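Visitor: Here you go, one structure.
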Amino acid sequence: MTLIFYNLALLTALIASAPWWLWRMMTTHKYREGLKERLGEVPAVLARIRSHGSDPVIWLHAVSVGEVLAVSRLVSELDWAFARHRLLVSTTTNTGQALARERFGASRVFYCPLDLPWAVHSYLHRLQPRMLILAETEFWPNLLSGCFHRNIPVAVVNARISDRSWPRYQMLKPLWKPLLGQLSAVLAQSEVDAERLLALGCAPDRVAVAGNLKFDVRIAEETDITKLLKMLSIDRRLLVAGSTLDGEEEALLEAWPQLLARDPQFAMVLAPRHPERFSAVAALLARSGFPWVRRSDWPAKPVYVLEPLKSGEIVLLDSIGELASVYSLASVAFVGGSLVPAGGHNPLEPAQFGVPIVMGPHYSNFRTITEDLRAHNAICITRREELAATVIDLAGNHSKAAGTGLRAKEVFDRQAGATDRCLTALRALIENRAR
């Protein structure tokens, strides 16, 4: 009965918002991309997988870039462990789709259908997955219900309930409880996440703390942009500001003259979180008076004609999936989404390289990780008005910076192992299903 009310509410919301969606699709490409797939049209390459009776399917869903990065090692381990299965990966966002295609191969990556009964039915009917794996907490009632009706086990890896979403889940507990109670395995990031998932209705014997998959994601080799930046910044120290949101670029530019006055050897790599903001940030840099360059302009030029980075120059990293490797070059890393009340982004990417990290006070999305780093004096938390002083303190105190970075790497290394724990649990589900 609850599912009926959910679908009625969903249909009413779609009808009411249809003019807005039509306008966005006409004016913005990203709203048109993958629309047929989202509405239930299974891509031909996926449809052929089942029509020709090939290996059974495991469906893994990773919403966007962060989730794709988090499961990247798990995907490779699943490929090896379940060699007789075909692992398919879906995403929700365009940026996640692009990165997943690059990392896992376009032939097995698709857009997740909208949580409409007919769209979900189309995919479950054509793919007939042996298991659905959800990354983090991408719960959709029709998708879950469709799996349960078909006796398809559903596992959640890297499961978490953020501080920001927790009140909303509590309000909708009557909707979630009958669904979450049927999940086959819930592998939580932390004890807090496990407790919240149990409170929402997950079965106690199916919830375990496996840790955070992002601690297992290590950059194995330098990317092309990292190699190029290393060449162009040979006489520079780099402040790498990653995943920045609106308002944070202005704060960094306000602090920039003070840092340069203290150490003119600095240049900055600025990586906005959302691609749709690249143009706005470029316009901001153009008005700033600082020398700057777009990363996207470099491929069109031979390496030998590119000039080394100047003192105070800013590189706008207007690309997807390159930030994690670029952090390895940083003398200091700023992790964005944290000076503004947006919950922060992942400090593990710079931590794995032993880079000293600066974040703002808003880090609820990564509270467990950040508090662990704070407990080991492995991160600097600062407010906007103190940003310049904090970065200057780290930049000018090499011993403090090195110690902070080393402790961050030690925290990162100690937390490894979530992938193996998830793999063990998923293997048990597949083996039980085969019996």
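Letters A, B, ... go to the chains of the structure tokens in the order shown; residues in each chain start at 1; ligands are counted from 1 in the same order.
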What lies within 9 Å of Leu252 in chain A using only C-alpha atoms, ignoring chain neighbours under 2 positions off, as a list in words?
Guide: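 Returned residues: Ala241, Gly247, Glu248, Glu249, Glu250, Glu254, Ala255, Trp256, Arg384, Leu387 and Ala388 of chain A.
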Visitor: Using C-alpha atoms, can you write the selected residues to a file as a CSV table (one decimal), in the first residue's frame?
Guide:
chain,number,residue,atom,x,y,z
A,241,ALA,CA,42.1,23.4,-4.3
A,247,GLY,CA,31.8,31.2,-2.9
A,248,GLU,CA,34.9,29.2,-2.2
A,249,GLU,CA,36.7,30.3,-5.3
A,250,GLU,CA,36.2,33.9,-4.2
A,254,GLU,CA,40.9,36.8,-1.5
A,255,ALA,CA,43.6,34.8,0.3
A,256,TRP,CA,45.9,34.4,-2.7
A,384,ARG,CA,36.9,31.6,5.6
A,387,LEU,CA,42.0,30.6,5.3
A,388,ALA,CA,45.0,32.7,4.3
Visitor: DSSP on the backbone, then: every residue of range 209-354 of chain A marked strand (DSSP E or B), written as a PyMOL selection string.
Guide: chain A and resi 209+237-244+266-272+292-294+314-316+332-335
Visitor: Deliver the residues from the most recent selection as a file, using N, CA and C atoms, as a compact mmCIF listing (two decimals), in the first residue's frame.
Guide:
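Written out: selection_32.txt:
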# COMPACT_ATOMS: atom_id res chain seq x y z
N VAL A 209 29.76 -3.49 9.66
CA VAL A 209 30.64 -2.35 9.37
C VAL A 209 31.83 -2.89 8.58
N ARG A 237 55.68 25.72 -6.09
CA ARG A 237 54.94 24.94 -5.11
C ARG A 237 53.46 25.10 -5.45
N LEU A 238 52.69 24.04 -5.30
CA LEU A 238 51.29 24.07 -5.73
C LEU A 238 50.32 24.01 -4.56
N LEU A 239 49.37 24.93 -4.58
CA LEU A 239 48.17 24.80 -3.76
C LEU A 239 47.11 24.18 -4.66
N VAL A 240 46.67 22.97 -4.34
CA VAL A 240 45.62 22.31 -5.12
C VAL A 240 44.30 22.44 -4.36
N ALA A 241 43.38 23.19 -4.94
CA ALA A 241 42.07 23.43 -4.32
C ALA A 241 41.04 22.61 -5.09
N GLY A 242 40.54 21.54 -4.47
CA GLY A 242 39.69 20.60 -5.18
C GLY A 242 38.24 20.63 -4.74
N SER A 243 37.35 20.33 -5.70
CA SER A 243 35.91 20.19 -5.43
C SER A 243 35.31 21.46 -4.83
N THR A 244 35.72 22.61 -5.35
CA THR A 244 35.24 23.88 -4.80
C THR A 244 33.82 24.18 -5.27
N PHE A 266 54.50 30.05 -5.15
CA PHE A 266 53.26 29.29 -5.26
C PHE A 266 52.53 29.54 -6.57
N ALA A 267 51.90 28.48 -7.10
CA ALA A 267 50.88 28.54 -8.14
C ALA A 267 49.70 27.71 -7.62
N MET A 268 48.55 27.85 -8.25
CA MET A 268 47.35 27.17 -7.76
C MET A 268 46.72 26.34 -8.86
N VAL A 269 46.23 25.16 -8.49
CA VAL A 269 45.36 24.37 -9.35
C VAL A 269 43.97 24.43 -8.72
N LEU A 270 43.01 24.95 -9.47
CA LEU A 270 41.66 25.17 -8.97
C LEU A 270 40.69 24.25 -9.71
N ALA A 271 40.05 23.36 -8.98
CA ALA A 271 39.18 22.34 -9.58
C ALA A 271 37.76 22.47 -9.05
N PRO A 272 36.87 23.20 -9.74
CA PRO A 272 35.48 23.29 -9.29
C PRO A 272 34.81 21.92 -9.28
N TRP A 292 46.24 33.15 -15.44
CA TRP A 292 45.54 31.88 -15.32
C TRP A 292 45.45 31.21 -16.68
N VAL A 293 45.17 29.91 -16.65
CA VAL A 293 45.07 29.13 -17.88
C VAL A 293 44.07 28.00 -17.65
N ARG A 294 43.37 27.64 -18.71
CA ARG A 294 42.47 26.48 -18.65
C ARG A 294 43.25 25.20 -18.94
N ILE A 314 47.24 30.53 -11.94
CA ILE A 314 46.17 29.63 -11.54
C ILE A 314 45.78 28.76 -12.72
N VAL A 315 45.77 27.46 -12.51
CA VAL A 315 45.33 26.50 -13.53
C VAL A 315 43.90 26.09 -13.20
N LEU A 316 42.97 26.38 -14.10
CA LEU A 316 41.59 25.95 -13.93
C LEU A 316 41.48 24.51 -14.45
N VAL A 332 50.22 21.95 -0.47
CA VAL A 332 49.07 22.06 0.44
C VAL A 332 47.82 21.79 -0.38
N ALA A 333 46.87 21.05 0.19
CA ALA A 333 45.61 20.77 -0.49
C ALA A 333 44.45 21.39 0.28
N PHE A 334 43.56 22.07 -0.44
CA PHE A 334 42.31 22.55 0.14
C PHE A 334 41.19 21.70 -0.42
N VAL A 335 40.37 21.12 0.45
CA VAL A 335 39.25 20.28 0.03
C VAL A 335 37.97 21.09 0.18
Visitor: Using only C-alpha atoms, pick whichever of A:Val411, A:Met131, A:Val45, A:Leu11 has the shortest atom-to-atom distance to His61 in chain A.
Guide: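 Distance minimum relative to His61 in chain A lands on A:Met131.
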Visitor: Within 12 Å of Glu67 in chain A, counting only C-alpha atoms, which residues show up once you throw out same-chain ones fewer than 6 positions away? Write them as a ChimeraX atom specification, please.
Guide: /A:60-61,73-75,89-93,95-97,99-100,134-138,157-160,212-214,217,321,346
Visitor: Let's have the selection written as a PDB file, in the first residue's frame, with C-alpha atoms.
Guide:
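Okay, this is what ended up in result_2.pdb:
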ATOM      1  CA  LEU A  60      26.194  -2.406  -9.723  1.00  0.00           C
ATOM      2  CA  HIS A  61      24.803   1.118  -9.369  1.00  0.00           C
ATOM      3  CA  ARG A  73      38.813  -1.138  -7.070  1.00  0.00           C
ATOM      4  CA  LEU A  74      35.795  -3.214  -6.046  1.00  0.00           C
ATOM      5  CA  VAL A  75      34.752  -3.463  -9.705  1.00  0.00           C
ATOM      6  CA  VAL A  89      27.540  -0.570 -14.026  1.00  0.00           C
ATOM      7  CA  SER A  90      24.885   2.144 -14.006  1.00  0.00           C
ATOM      8  CA  THR A  91      25.148   5.784 -12.990  1.00  0.00           C
ATOM      9  CA  THR A  92      22.688   8.625 -12.528  1.00  0.00           C
ATOM     10  CA  THR A  93      24.709  11.719 -13.478  1.00  0.00           C
ATOM     11  CA  THR A  95      29.739  13.131 -15.133  1.00  0.00           C
ATOM     12  CA  GLY A  96      29.521   9.774 -13.404  1.00  0.00           C
ATOM     13  CA  GLN A  97      28.588   8.149 -16.711  1.00  0.00           C
ATOM     14  CA  LEU A  99      34.017   8.525 -15.795  1.00  0.00           C
ATOM     15  CA  ALA A 100      32.503   5.036 -15.550  1.00  0.00           C
ATOM     16  CA  LEU A 134      24.049  -0.314  -4.581  1.00  0.00           C
ATOM     17  CA  ALA A 135      26.891   2.057  -3.718  1.00  0.00           C
ATOM     18  CA  GLU A 136      26.255   4.168  -0.613  1.00  0.00           C
ATOM     19  CA  THR A 137      22.500   4.709  -0.061  1.00  0.00           C
ATOM     20  CA  GLU A 138      20.869   4.990  -3.452  1.00  0.00           C
ATOM     21  CA  VAL A 157      28.297  -1.361  -0.160  1.00  0.00           C
ATOM     22  CA  ASN A 158      29.888   1.726   1.376  1.00  0.00           C
ATOM     23  CA  ALA A 159      26.501   2.352   2.972  1.00  0.00           C
ATOM     24  CA  ARG A 160      26.038   5.604   4.830  1.00  0.00           C
ATOM     25  CA  ASN A 212      35.003   3.001   3.624  1.00  0.00           C
ATOM     26  CA  LEU A 213      35.875   1.765   0.121  1.00  0.00           C
ATOM     27  CA  LYS A 214      37.537   5.108  -0.591  1.00  0.00           C
ATOM     28  CA  VAL A 217      41.259   3.516  -3.866  1.00  0.00           C
ATOM     29  CA  GLY A 321      38.438  12.435 -13.029  1.00  0.00           C
ATOM     30  CA  ASN A 346      36.472  13.726   0.371  1.00  0.00           C
TER      31      ASN A 346
END
Visitor: Considering only C-alpha atoms, state which residue in the set A:Pro43, A:Pro204, A:Gly336, A:Gly396 is at the smallest distance from Gln265 in chain A.
Guide: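 Ranked by minimum distance to Gln265 in chain A, first place goes to A:Gly396.
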Visitor: Determine which residues of range 158-335 of chain A DSSP labels as helix (DSSP H, G or I) from the backbone of this structure, then write them out as a PyMOL selection string.
Guide: chain A and resi 166-171+173-180+191-199+204-206+213-216+224-232+248-262+275-288+295-300+303-305+323-329
Visitor: List the neighbours of range 189-201 of chain A out to 12 Å using only C-alpha atoms; skip same-chain residues closer than 3 positions along the sequence, and give me the result as a PyMOL selection string.
Guide: chain A and resi 70+135-137+139+156-163+165-183+185-186+204-215+365-369+372+415-419+421-422
Visitor: Which residues come within 8 Å of range 112-120 of chain A, counting only C-alpha atoms, excluding same-chain residues fewer than 6 positions away, as an MDAnalysis selection string?
Guide: chainID A and resid 7 37:41 61 90:92 140:143 146
Visitor: What would the file look like if the residues just selected were written as an mmCIF file, in the first residue's frame with C-alpha atoms?
Guide:
data_model
loop_
_atom_site.group_PDB
_atom_site.id
_atom_site.type_symbol
_atom_site.label_atom_id
_atom_site.label_comp_id
_atom_site.auth_asym_id
_atom_site.auth_seq_id
_atom_site.Cartn_x
_atom_site.Cartn_y
_atom_site.Cartn_z
ATOM 1 C CA ASN A 7 3.957 5.963 -7.085
ATOM 2 C CA GLU A 37 17.628 4.820 -21.128
ATOM 3 C CA ARG A 38 16.307 6.594 -18.032
ATOM 4 C CA LEU A 39 12.730 6.027 -19.254
ATOM 5 C CA GLY A 40 13.250 2.299 -19.689
ATOM 6 C CA GLU A 41 14.802 1.688 -23.110
ATOM 7 C CA HIS A 61 24.803 1.118 -9.369
ATOM 8 C CA SER A 90 24.885 2.144 -14.006
ATOM 9 C CA THR A 91 25.148 5.784 -12.990
ATOM 10 C CA THR A 92 22.688 8.625 -12.528
ATOM 11 C CA TRP A 140 14.653 3.680 -4.805
ATOM 12 C CA PRO A 141 11.384 1.986 -3.777
ATOM 13 C CA ASN A 142 10.342 0.612 -7.190
ATOM 14 C CA LEU A 143 13.814 -0.705 -7.959
ATOM 15 C CA GLY A 146 11.112 -5.077 -8.266
#
Visitor: Identify, on the basis of only C-alpha atoms, every residue whose closest approach to Lys310 in chain A does not exceed 8 Å; exclude the query and any residue fewer than 2 positions from it along the same chain; express the result as a VMD selection string.
Guide: chain A and resid 267 291 308 312 to 313
Visitor: Work out how far CA of His398 in chain A is from CA of Ala261 in chain A, in Å to one decimal.
Guide: 17.2 Å
Visitor: Identify which of the residues A:Ile4, A:Ala106, A:Ile58, A:Ala203 lies closest to Arg84 in chain A, counting only C-alpha atoms when measuring atom-to-atom distances.
Guide: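 Between A:Ile4, A:Ala106, A:Ile58, A:Ala203, the residue approaching Arg84 in chain A most closely is A:Ile58.
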Visitor: Go through A:Pro257, A:Gly354, A:Gly34, A:Pro19 and flag the residue nearest Asn94 in chain A, using only C-alpha atoms for the distances.
Guide: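 Nearest candidate to Asn94 in chain A out of A:Pro257, A:Gly354, A:Gly34, A:Pro19: A:Gly34.
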Visitor: Taking into account only C-alpha atoms, which residue in the set A:Arg236, A:His376, A:Lys36, A:Arg164 is nearest to Phe110 in chain A?
Guide: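 Smallest separation from Phe110 in chain A among the options: A:Lys36.
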Visitor: Neighbours of Ala81 in chain A within 9 Å (only C-alpha atoms; same-chain residues fewer than 4 positions away dropped), as a list in words?
Guide: Ser76, Glu77, Leu423 and Arg427 of chain A
Visitor: Please produce a file of the residues just selected, as an mmCIF file, in the first residue's frame, where the atoms kept are N, CA and C atoms.
Guide:
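Result written to part_21.cif:
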data_model
loop_
_atom_site.group_PDB
_atom_site.id
_atom_site.type_symbol
_atom_site.label_atom_id
_atom_site.label_comp_id
_atom_site.auth_asym_id
_atom_site.auth_seq_id
_atom_site.Cartn_x
_atom_site.Cartn_y
_atom_site.Cartn_z
ATOM 1 N N SER A 76 37.068 -4.013 -10.180
ATOM 2 C CA SER A 76 38.129 -4.878 -10.712
ATOM 3 C C SER A 76 38.212 -6.189 -9.929
ATOM 4 N N GLU A 77 37.999 -6.130 -8.616
ATOM 5 C CA GLU A 77 38.016 -7.344 -7.806
ATOM 6 C C GLU A 77 36.819 -8.239 -8.131
ATOM 7 N N LEU A 423 33.894 -7.824 -0.658
ATOM 8 C CA LEU A 423 33.994 -8.935 -1.605
ATOM 9 C C LEU A 423 33.597 -10.254 -0.951
ATOM 10 N N ARG A 427 30.455 -12.431 -2.266
ATOM 11 C CA ARG A 427 30.697 -13.798 -2.715
ATOM 12 C C ARG A 427 29.736 -14.772 -2.012
#
Visitor: CA of Leu229 in chain A and CA of Pro302 in chain A, how far apart in Å?
Guide: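 Interatomic distance here is 13.9 Å.
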Visitor: Closest to Asp318 in chain A among A:His274, A:Ser288, A:Pro356, A:Thr2, using only C-alpha atoms?
Guide: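 Nearest candidate to Asp318 in chain A out of A:His274, A:Ser288, A:Pro356, A:Thr2: A:His274.
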